[in-house]
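Below: the structure, in structure tokens.
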Amino acid sequence: MSNNLKDGLDRRDFIIASIATVGAPAALAANAGAANAQDAATPSPVSGTAYTGDVIHGKKVISALDINDLEPGRKHLLYFKGVQMPTGQHWYVSVIVAKGARPGKRAVLVSGVHGDEMSSVHTVQTVINQLDPAEMSGTVMAVTDVSGPAMEAMQRRWPNSGRGIDLIDMNRVWPGNENGATATSRHAGLLFNRLLRPNADVAIDFHTGTTGFDVSAFNIASMDVPEIKAMVELYPIGQIFDNHTYPGVLHNAFIDAGIPSFCPEIGAARVLDLEMISLFVEGTMNVLKHHGILAGPMGRTSKDVGVFVGNSAVPILATEGGFVEQLVKLNDKVEPGQKVAIQRNSFGEVVAEYTSSVAGQVAGLRSDVTSEPGIPLAFILYHKAAPDGAESYPE
């Protein structure tokens with residue numbers, strides 16, 4: 001780990017503000033998950049690739065991976081054996097390894113941590129499909145369906161059967177705990193210890209907005225870490241959220257392990273935004289070229305699109321129930337006092353008007369028309385002179 005990366009980590013201690021999408025129950029769950037992860041004993045280093053002997057749809061099943069064991073110059077399709085279901089069967093995670101003909105850096109691309117985020121999956125699939133291992137130096141490993149039960153239900157959170165109706169946000173429990181109190185924590189621990197961390201020099205964790213809330217094309221990144229800043233600026237997208245965000249998110253678990261990482265956000269949940277996906281594919285290919293995994297000229301970068309960098313995101317929360325009409329669009333510039341939304345009751349009467357408290361750009365908007373009090377209607381990305389780290393964000 002470089003001194004710069006370590007310095008960035010030392011400044012990341014903060015208390016999560018229980019606002020916006022977090023809320024008090026979710027904030028407590030996030031804190032509990034982080035504590036659970038911190039209490040986990042450091043597992044013994046994985047030694048070699050462990051094949052279970054099973055084959056699913058012609059693909060070998062592994063319970064641990066060392067990419068040094070794989071044949072160079074080709075792609076390998078595997079299943080990783082994750083946590084058990086209540087029936088005793090296992091959740092399996094799809095793993096694609098494009099191992100170059102020559103040695104080099106190891107990049108890990110992750111999607112499917114939230115089960116309703118389809119553009120993130122398609123982005124990773126598109127990148128891996130464009131790679132020719134015979135022309136590569138180093139390795140790209142893609143994992144496309146981390147949270148299997150959430151993806152099966154096309155929902156954000158992992159359903160936990162042990163506590164009745166309980167949905168766990170898997171992106172609040174990393175690096176997990178192989179002996180943790182929930183299946184989600186154990187699944188994260190298995191993946192992080194036996195698949196992700198041992199095979200990564202750099203890592204990118206792809207996301208989208210959540211169901212009912214759309215986001216613009218932006219990257220969440222710790223821009224005070226030079227290795228991360230260099231990668232994030234290679235994307236031809238209009239916004240960067242320079243913020244350390246929450247404990248327990250996957251890209252922060254990578255950083256804590258000394259692996260530079262960040263989080264792209266690719267529009268709306270449940271759909272494929274092909275135009276936006278193409279921007280993140282171009283940026284990711286730039287990152288692979290930056291690390292010498294691929295050869296060739298760089299594509300467009302943030303310099304070509306006039307990127308806006310903000311270090312805070314203020315939520316605009318509904319104060320009433322009713323039907324919401326948005327008056328702004330994603331990426332719009334807003335000024336303090338500018339009206340961004342109005343809300344009507346079932347009689348069509350205006351019951352609330354919402355304004356921005358800051359000057360910035362719209363990074364997220366509620367796409368569902370109805371809203372209860374307390375639900376985020378918009379997120380405004382802006383620059384705060386002295387951010388305290390206690391921020392929410394539309395992840």
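Each chain of the structure tokens is named A, B, ... in the order shown, its residues numbered from 1; ligands are numbered from 1 in display order.
For A:Ser63, the non-local neighbours within 9 Å, defined as residues at least 5 positions apart in the same chain or in other chains and counting only C-alpha atoms, are Thr49, Ala50, Tyr51, Thr52, Tyr79, Phe80, Lys81, Gly82, Leu190, Leu191, Arg194 and Leu195 of chain A.
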| field | Secondary structure check, helix (DSSP H, G or I) residues of stretch 261-336 of chain A, as a ChimeraX atom specification | value | /A:274-290,302-304
Store the residues of this selection in a file with C-alpha atoms, as a CSV table (one decimal), in the first residue's frame.
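As written to disk, part21.csv reads:
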```csv
chain,number,residue,atom,x,y,z
A,274,LEU,CA,-27.2,1.5,-23.5
A,275,GLU,CA,-26.1,5.1,-24.2
A,276,MET,CA,-24.9,5.6,-20.6
A,277,ILE,CA,-23.4,2.1,-20.5
A,278,SER,CA,-21.2,2.9,-23.5
A,279,LEU,CA,-19.7,5.8,-21.6
A,280,PHE,CA,-18.7,3.5,-18.7
A,281,VAL,CA,-17.4,0.9,-21.1
A,282,GLU,CA,-15.2,3.5,-22.8
A,283,GLY,CA,-13.9,4.7,-19.4
A,284,THR,CA,-13.2,1.2,-18.1
A,285,MET,CA,-11.3,0.4,-21.2
A,286,ASN,CA,-9.3,3.5,-20.6
A,287,VAL,CA,-8.5,2.3,-17.0
A,288,LEU,CA,-7.3,-1.0,-18.4
A,289,LYS,CA,-5.0,0.8,-20.8
A,290,HIS,CA,-3.8,3.1,-18.0
A,302,SER,CA,-13.5,13.6,-18.2
A,303,LYS,CA,-11.5,16.4,-19.8
A,304,ASP,CA,-13.5,16.0,-23.0
```
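Proximity to A:Asn219 was assessed for A:Asp145, A:Glu233, A:Glu135, A:Glu178 counting only C-alpha atoms; the smallest distance is recorded for A:Glu233.
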| Near stretch 309-324 of chain A, within 7 Å and counting only C-alpha atoms, which residues show up once chain neighbours fewer than 5 positions away are dropped, as a PyMOL selection string? | chain A and resi 20+239-243+341-346+352+369-384+387+391-393
| message | Can you pull out the residues contacting stretch 136-140 of chain A? Cut-off 10 Å, using only C-alpha atoms, and skip same-chain residues under 2 positions away; I want them as a PyMOL selection string. | response | chain A and resi 67-68+72-75+96-109+127-128+131-134+142+199-203+288-289+291-295
Using C-alpha atoms, can you write the selected residues to a file as an mmCIF file, in the first residue's frame?
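The result, written out as part_8.cif:
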```cif
data_model
loop_
_atom_site.group_PDB
_atom_site.id
_atom_site.type_symbol
_atom_site.label_atom_id
_atom_site.label_comp_id
_atom_site.auth_asym_id
_atom_site.auth_seq_id
_atom_site.Cartn_x
_atom_site.Cartn_y
_atom_site.Cartn_z
ATOM 1 C CA ILE A 67 -5.666 -16.708 -11.042
ATOM 2 C CA ASN A 68 -2.004 -17.745 -11.241
ATOM 3 C CA PRO A 72 -2.811 -17.690 -19.831
ATOM 4 C CA GLY A 73 -4.048 -16.368 -23.146
ATOM 5 C CA ARG A 74 -7.692 -17.397 -22.770
ATOM 6 C CA LYS A 75 -10.977 -16.772 -20.958
ATOM 7 C CA ILE A 96 -15.235 -14.698 -15.903
ATOM 8 C CA VAL A 97 -11.439 -14.463 -15.999
ATOM 9 C CA ALA A 98 -9.712 -13.039 -19.068
ATOM 10 C CA LYS A 99 -6.100 -13.989 -18.407
ATOM 11 C CA GLY A 100 -3.604 -12.285 -20.662
ATOM 12 C CA ALA A 101 -0.827 -14.039 -22.526
ATOM 13 C CA ARG A 102 1.700 -11.895 -20.632
ATOM 14 C CA PRO A 103 1.968 -11.041 -16.908
ATOM 15 C CA GLY A 104 0.696 -7.702 -15.656
ATOM 16 C CA LYS A 105 -1.783 -5.938 -13.383
ATOM 17 C CA ARG A 106 -4.930 -7.656 -12.120
ATOM 18 C CA ALA A 107 -8.226 -5.752 -12.431
ATOM 19 C CA VAL A 108 -11.460 -6.919 -10.816
ATOM 20 C CA LEU A 109 -14.838 -5.715 -12.144
ATOM 21 C CA VAL A 127 -16.121 -4.870 -21.246
ATOM 22 C CA ILE A 128 -15.223 -8.527 -20.775
ATOM 23 C CA LEU A 131 -11.206 -8.385 -24.370
ATOM 24 C CA ASP A 132 -8.844 -10.661 -26.282
ATOM 25 C CA PRO A 133 -6.635 -12.433 -23.716
ATOM 26 C CA ALA A 134 -4.064 -13.259 -26.411
ATOM 27 C CA ALA A 142 -15.482 -10.078 -13.869
ATOM 28 C CA ASN A 199 -6.864 -11.505 -7.231
ATOM 29 C CA ALA A 200 -7.026 -7.701 -7.351
ATOM 30 C CA ASP A 201 -4.496 -4.943 -7.843
ATOM 31 C CA VAL A 202 -7.317 -2.526 -8.717
ATOM 32 C CA ALA A 203 -11.087 -2.979 -8.434
ATOM 33 C CA LEU A 288 -7.290 -1.047 -18.375
ATOM 34 C CA LYS A 289 -5.018 0.805 -20.802
ATOM 35 C CA HIS A 291 -2.649 -0.025 -16.087
ATOM 36 C CA GLY A 292 -1.002 -1.587 -19.126
ATOM 37 C CA ILE A 293 -3.449 -4.477 -19.351
ATOM 38 C CA LEU A 294 -4.532 -3.331 -22.812
ATOM 39 C CA ALA A 295 -2.566 -1.526 -25.497
#
```
| message | Can you pull out every residue from stretch 150-311 of chain A that DSSP, working from the backbone, puts in strand (DSSP E or B), and format the result as a PyMOL selection string? | response | chain A and resi 158-159+162+164+167-168+202-205+207+210+213-215+217-221+239-242+261-266+308-310
| request: Would you kindly return, as a PyMOL selection string, each protein, DNA or RNA residue with an atom no farther than 10 Å from any atom of stretch 155-161 of chain A, considering only C-alpha atoms and excluding same-chain residues fewer than 4 positions away? | output: chain A and resi 85-86+112-117+147-151+165-171+182-184+209-211+269-270
Prev. selection, C-alpha atoms, output as a PDB file, in the first residue's frame:
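Ended up saving to result.pdb:
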```
ATOM      1  CA  MET A  85     -29.580 -21.325   1.152  1.00  0.00           C
ATOM      2  CA  PRO A  86     -32.110 -22.372   3.831  1.00  0.00           C
ATOM      3  CA  GLY A 112     -24.817  -7.321  -9.017  1.00  0.00           C
ATOM      4  CA  VAL A 113     -24.179  -6.331  -5.401  1.00  0.00           C
ATOM      5  CA  HIS A 114     -27.690  -4.861  -5.589  1.00  0.00           C
ATOM      6  CA  GLY A 115     -30.210  -7.059  -7.334  1.00  0.00           C
ATOM      7  CA  ASP A 116     -32.069  -4.433  -9.374  1.00  0.00           C
ATOM      8  CA  GLU A 117     -29.022  -2.843 -11.040  1.00  0.00           C
ATOM      9  CA  SER A 147     -26.253 -10.935  -4.700  1.00  0.00           C
ATOM     10  CA  GLY A 148     -28.056 -13.890  -6.237  1.00  0.00           C
ATOM     11  CA  PRO A 149     -31.281 -13.902  -4.209  1.00  0.00           C
ATOM     12  CA  ALA A 150     -31.754 -10.165  -4.681  1.00  0.00           C
ATOM     13  CA  MET A 151     -31.228 -10.510  -8.430  1.00  0.00           C
ATOM     14  CA  ILE A 165     -39.433 -10.193   6.751  1.00  0.00           C
ATOM     15  CA  ASP A 166     -35.924  -8.762   6.660  1.00  0.00           C
ATOM     16  CA  LEU A 167     -34.081  -7.298   3.666  1.00  0.00           C
ATOM     17  CA  ILE A 168     -30.334  -6.690   3.974  1.00  0.00           C
ATOM     18  CA  ASP A 169     -28.414  -4.203   1.859  1.00  0.00           C
ATOM     19  CA  MET A 170     -25.375  -6.224   0.827  1.00  0.00           C
ATOM     20  CA  ASN A 171     -23.434  -3.043   0.139  1.00  0.00           C
ATOM     21  CA  THR A 182     -26.311 -13.411   8.585  1.00  0.00           C
ATOM     22  CA  ALA A 183     -26.037 -15.305   5.329  1.00  0.00           C
ATOM     23  CA  THR A 184     -25.326 -11.988   3.623  1.00  0.00           C
ATOM     24  CA  GLY A 209     -29.684   4.025  -8.981  1.00  0.00           C
ATOM     25  CA  THR A 210     -32.265   2.043  -7.065  1.00  0.00           C
ATOM     26  CA  THR A 211     -35.831   1.154  -8.010  1.00  0.00           C
ATOM     27  CA  ALA A 269     -32.358   0.515 -11.985  1.00  0.00           C
ATOM     28  CA  ARG A 270     -34.125  -2.390 -13.714  1.00  0.00           C
TER      29      ARG A 270
END
```
